[in-house]
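Take a look at the structure set out below.
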Amino acid sequence: MKTNIKNYNLDILKEELKRIGEKPFRAEQIFKWIYQEKVDSFDKMTNLSLELRKKLDENFTLGIFKIVKKLESIDGTKKYLFDVQDENGNMIESVLMQYHHGYTICVSSQIGCKMGCKFCASTGIPFERNLLAGEIVEQILAIERDTGITISNIVFMGIGEPLDNFDNVMNAIQIINNPKGLNIGARHISISTSGIVPKIYELADREEKIQCTLSISLHSSNNKKRSEMMPVNNAYPIEELIKACRYFIKKTNKRISFEYALAKDNNDNLEDAKELVKLLDGMLAHVNLIPINPIEKGKYTKSTNENIIKFRDYLNEHGIVATIRRELGSDIDAACGQLRRKNLKNK
């Protein structure tokens, strides 16, 4: 059975080539064709012999996605629904956003999600499986092929919990970060987690240190509210999560970004801001305030602009660096999961 050649980082691909009787140095040539030339066929790898191209075609696939739907916002944000071309007809979403510093893509790491966060559009959609490394990387390549642009920043904030698919996400990052691969610097890659505490420790303790940004979906500073919003908090309460975050900062000397989605009459008042200041006291941290995206049958609604600004100002005045995330793609249901949800409903 053929395997997706994009599942292999450079070192593993060299071993795979040896297995089929080829010289390992060919792996770097193949990497260049896949990740720099972005070819969609082995036949287009013209500096490889016909015999090698035939052998590659017999043993591997390039795992090319099909674009099922593409929506474009008035602000330039593009949202993609991809057919991953597996036997079950599964689909995932990716979002392309333009900022002053370049293009950012929000990638999915799973087909569905187990976390059940009450404000997330992925909740209520069946979890199917983890995405393989090649399927994560292909989201970037598919959008670059479609648009002709070069992605400069990657955020693992799409469908799924990245740290619940730890090995495949780490493998994908190796390919994305490799100078012979997509050559995107680790500092331009952000991993967002709902708070899988054991994996935060594992990420901090990796022998092969990665310089990616770690983002924590926090959304509340007390266990009662956070458990209502995020069931994962029942398994890993805030005290354990913050302890793991402090450990990560100590081991890596890297700042953590805390995501905080402000929901009206829930977690957006001054008392919540005071709790957050106390919780993050002394930490190397940044708070990213998110005007919550409305979702179908969602329990939470967006906080008022006045409360969002007051919340930010209070944090800044008390030593916590806080910014408000720019709202992008609100006219095209940019919250990850909504396109897949609608597609499944139509089916």
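Please note that chains go A, B, ... in the order of the structure tokens, that every chain numbers its residues from 1, and that ligands are numbered from 1 in the order shown.
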
Next item on the list: Name the residues in contact with Lys79 in chain A at a cut-off of 7 Å, using only C-alpha atoms, excluding same-chain residues fewer than 5 positions from it; report them as a PyMOL selection string.
Entry: chain A and resi 70-72+94-96+334

Notebook entry, point to check: Can you tell me, as JSON, numbers by chain, what residues are no more than 7 Å from Ser220 in chain A when counting only C-alpha atoms, ignoring any on the same chain fewer than 5 positions away?
Noted result: {"A": [225, 226, 267]}

Limited to N, CA and C atoms, could you put the picked residues into a file as a JSON list (two decimals), in the first residue's frame?
[["chain", "number", "residue", "atom", "x", "y", "z"],
["A", 225, "LYS", "N", -15.69, 28.55, 36.19],
["A", 225, "LYS", "CA", -16.01, 29.11, 34.87],
["A", 225, "LYS", "C", -15.29, 28.37, 33.76],
["A", 226, "ARG", "N", -14.01, 28.07, 34.01],
["A", 226, "ARG", "CA", -13.24, 27.42, 32.93],
["A", 226, "ARG", "C", -13.77, 26.02, 32.64],
["A", 267, "ASN", "N", -17.07, 36.15, 31.43],
["A", 267, "ASN", "CA", -15.67, 36.22, 31.88],
["A", 267, "ASN", "C", -15.02, 37.55, 31.51]]

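Residues in contact with range 238-245 of chain A at 7 Å, where only C-alpha atoms are counted and same-chain residues fewer than 3 positions away are skipped, are listed as Gly195, Val197, Ile200, Tyr201, Asn223, Asn233, Phe248 and Ile249 of chain A.
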
Next item on the list: Find the residues around range 167-175 of chain A up to 6 Å (only C-alpha atoms counted), leave out those fewer than 6 positions away in its own chain, and share them as a ChimeraX atom specification.
Entry: /A:9,132-133,181

Item checked: Residues within 8 Å of range 105-109 of chain A, only C-alpha atoms, excluding chain neighbours under 5 positions, as a PyMOL selection string -> chain A and resi 92-97+130-131+136+139-140+151+153-162+165+169

Check: Contacts of Ala204 in chain A at 8 Å or less, counting only C-alpha atoms, minus same-chain residues fewer than 6 places along, as JSON, numbers by chain?
Finding: {"A": [247, 248, 251, 252]}

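In this model, the gap between CA of Leu141 in chain A and CA of His101 in chain A comes to 19.7 Å.
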
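Comparing A:Lys118, A:Lys302, A:Pro291, A:Leu284 by their smallest distance to Val232 in chain A, the closest is A:Lys118 (using only C-alpha atoms).
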
For the interface of range 38-147 of chain A with range 19-34 of chain A (cut-off 12 Å, counting only C-alpha atoms), please tabulate each contacting residue of range 38-147 of chain A alongside its nearest pair of atoms and their separation in Å to one decimal, rows sorted by chain and increasing number, as CSV.
residue,atom,partner,partner_atom,distance
A:Lys38,CA,A:Ile34,CA,4.7
A:Val39,CA,A:Ile34,CA,5.6
A:Asp40,CA,A:Ile34,CA,7.7
A:Ser41,CA,A:Ile34,CA,9.0
A:Phe42,CA,A:Trp33,CA,8.7
A:Asp43,CA,A:Trp33,CA,10.6
A:Lys44,CA,A:Trp33,CA,8.2
A:Met45,CA,A:Trp33,CA,6.2
A:Thr46,CA,A:Trp33,CA,9.2
A:Asn47,CA,A:Gln29,CA,8.3
A:Leu48,CA,A:Gln29,CA,8.2
A:Ser49,CA,A:Arg26,CA,10.7
A:Glu51,CA,A:Glu22,CA,10.6
A:Leu52,CA,A:Glu22,CA,8.0
A:Arg53,CA,A:Ile30,CA,10.0
A:Lys54,CA,A:Ile20,CA,11.8
A:Lys55,CA,A:Ile20,CA,8.0
A:Leu56,CA,A:Ile20,CA,9.0
A:Asp57,CA,A:Ile20,CA,12.0
A:Glu58,CA,A:Ile20,CA,10.4
A:Asn59,CA,A:Ile20,CA,8.5
A:Phe60,CA,A:Ile20,CA,11.1
A:Thr61,CA,A:Ile34,CA,11.5
A:Leu62,CA,A:Ile34,CA,8.3
A:Gly63,CA,A:Ile34,CA,10.9
A:Ile64,CA,A:Ile34,CA,10.9
A:Gly134,CA,A:Ile34,CA,11.1
A:Val137,CA,A:Ile34,CA,10.6
A:Glu138,CA,A:Ile34,CA,10.0
A:Ile140,CA,A:Ile34,CA,11.8
A:Leu141,CA,A:Ile34,CA,8.8
A:Ala142,CA,A:Ile34,CA,11.4
A:Arg145,CA,A:Ile34,CA,11.3

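For the choices A:Thr301, A:Asn90, A:Gln98, A:Asn288, the atom-to-atom distance to Pro126 in chain A is smallest for A:Asn90 when using only C-alpha atoms.
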
Checklist line | Residue with smallest distance to Ser221 in chain A - pool A:Asn177, A:Thr193, A:Glu275, A:Asn266, counting only C-alpha atoms | finding: A:Glu275

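The space between CA of Asn253 in chain A and CA of Pro237 in chain A spans 23.6 Å.
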
Checklist line | Which of range 106-206 of chain A fall in alpha helix (DSSP H), as a PyMOL selection string | finding: chain A and resi 133-147+166-177+197-205
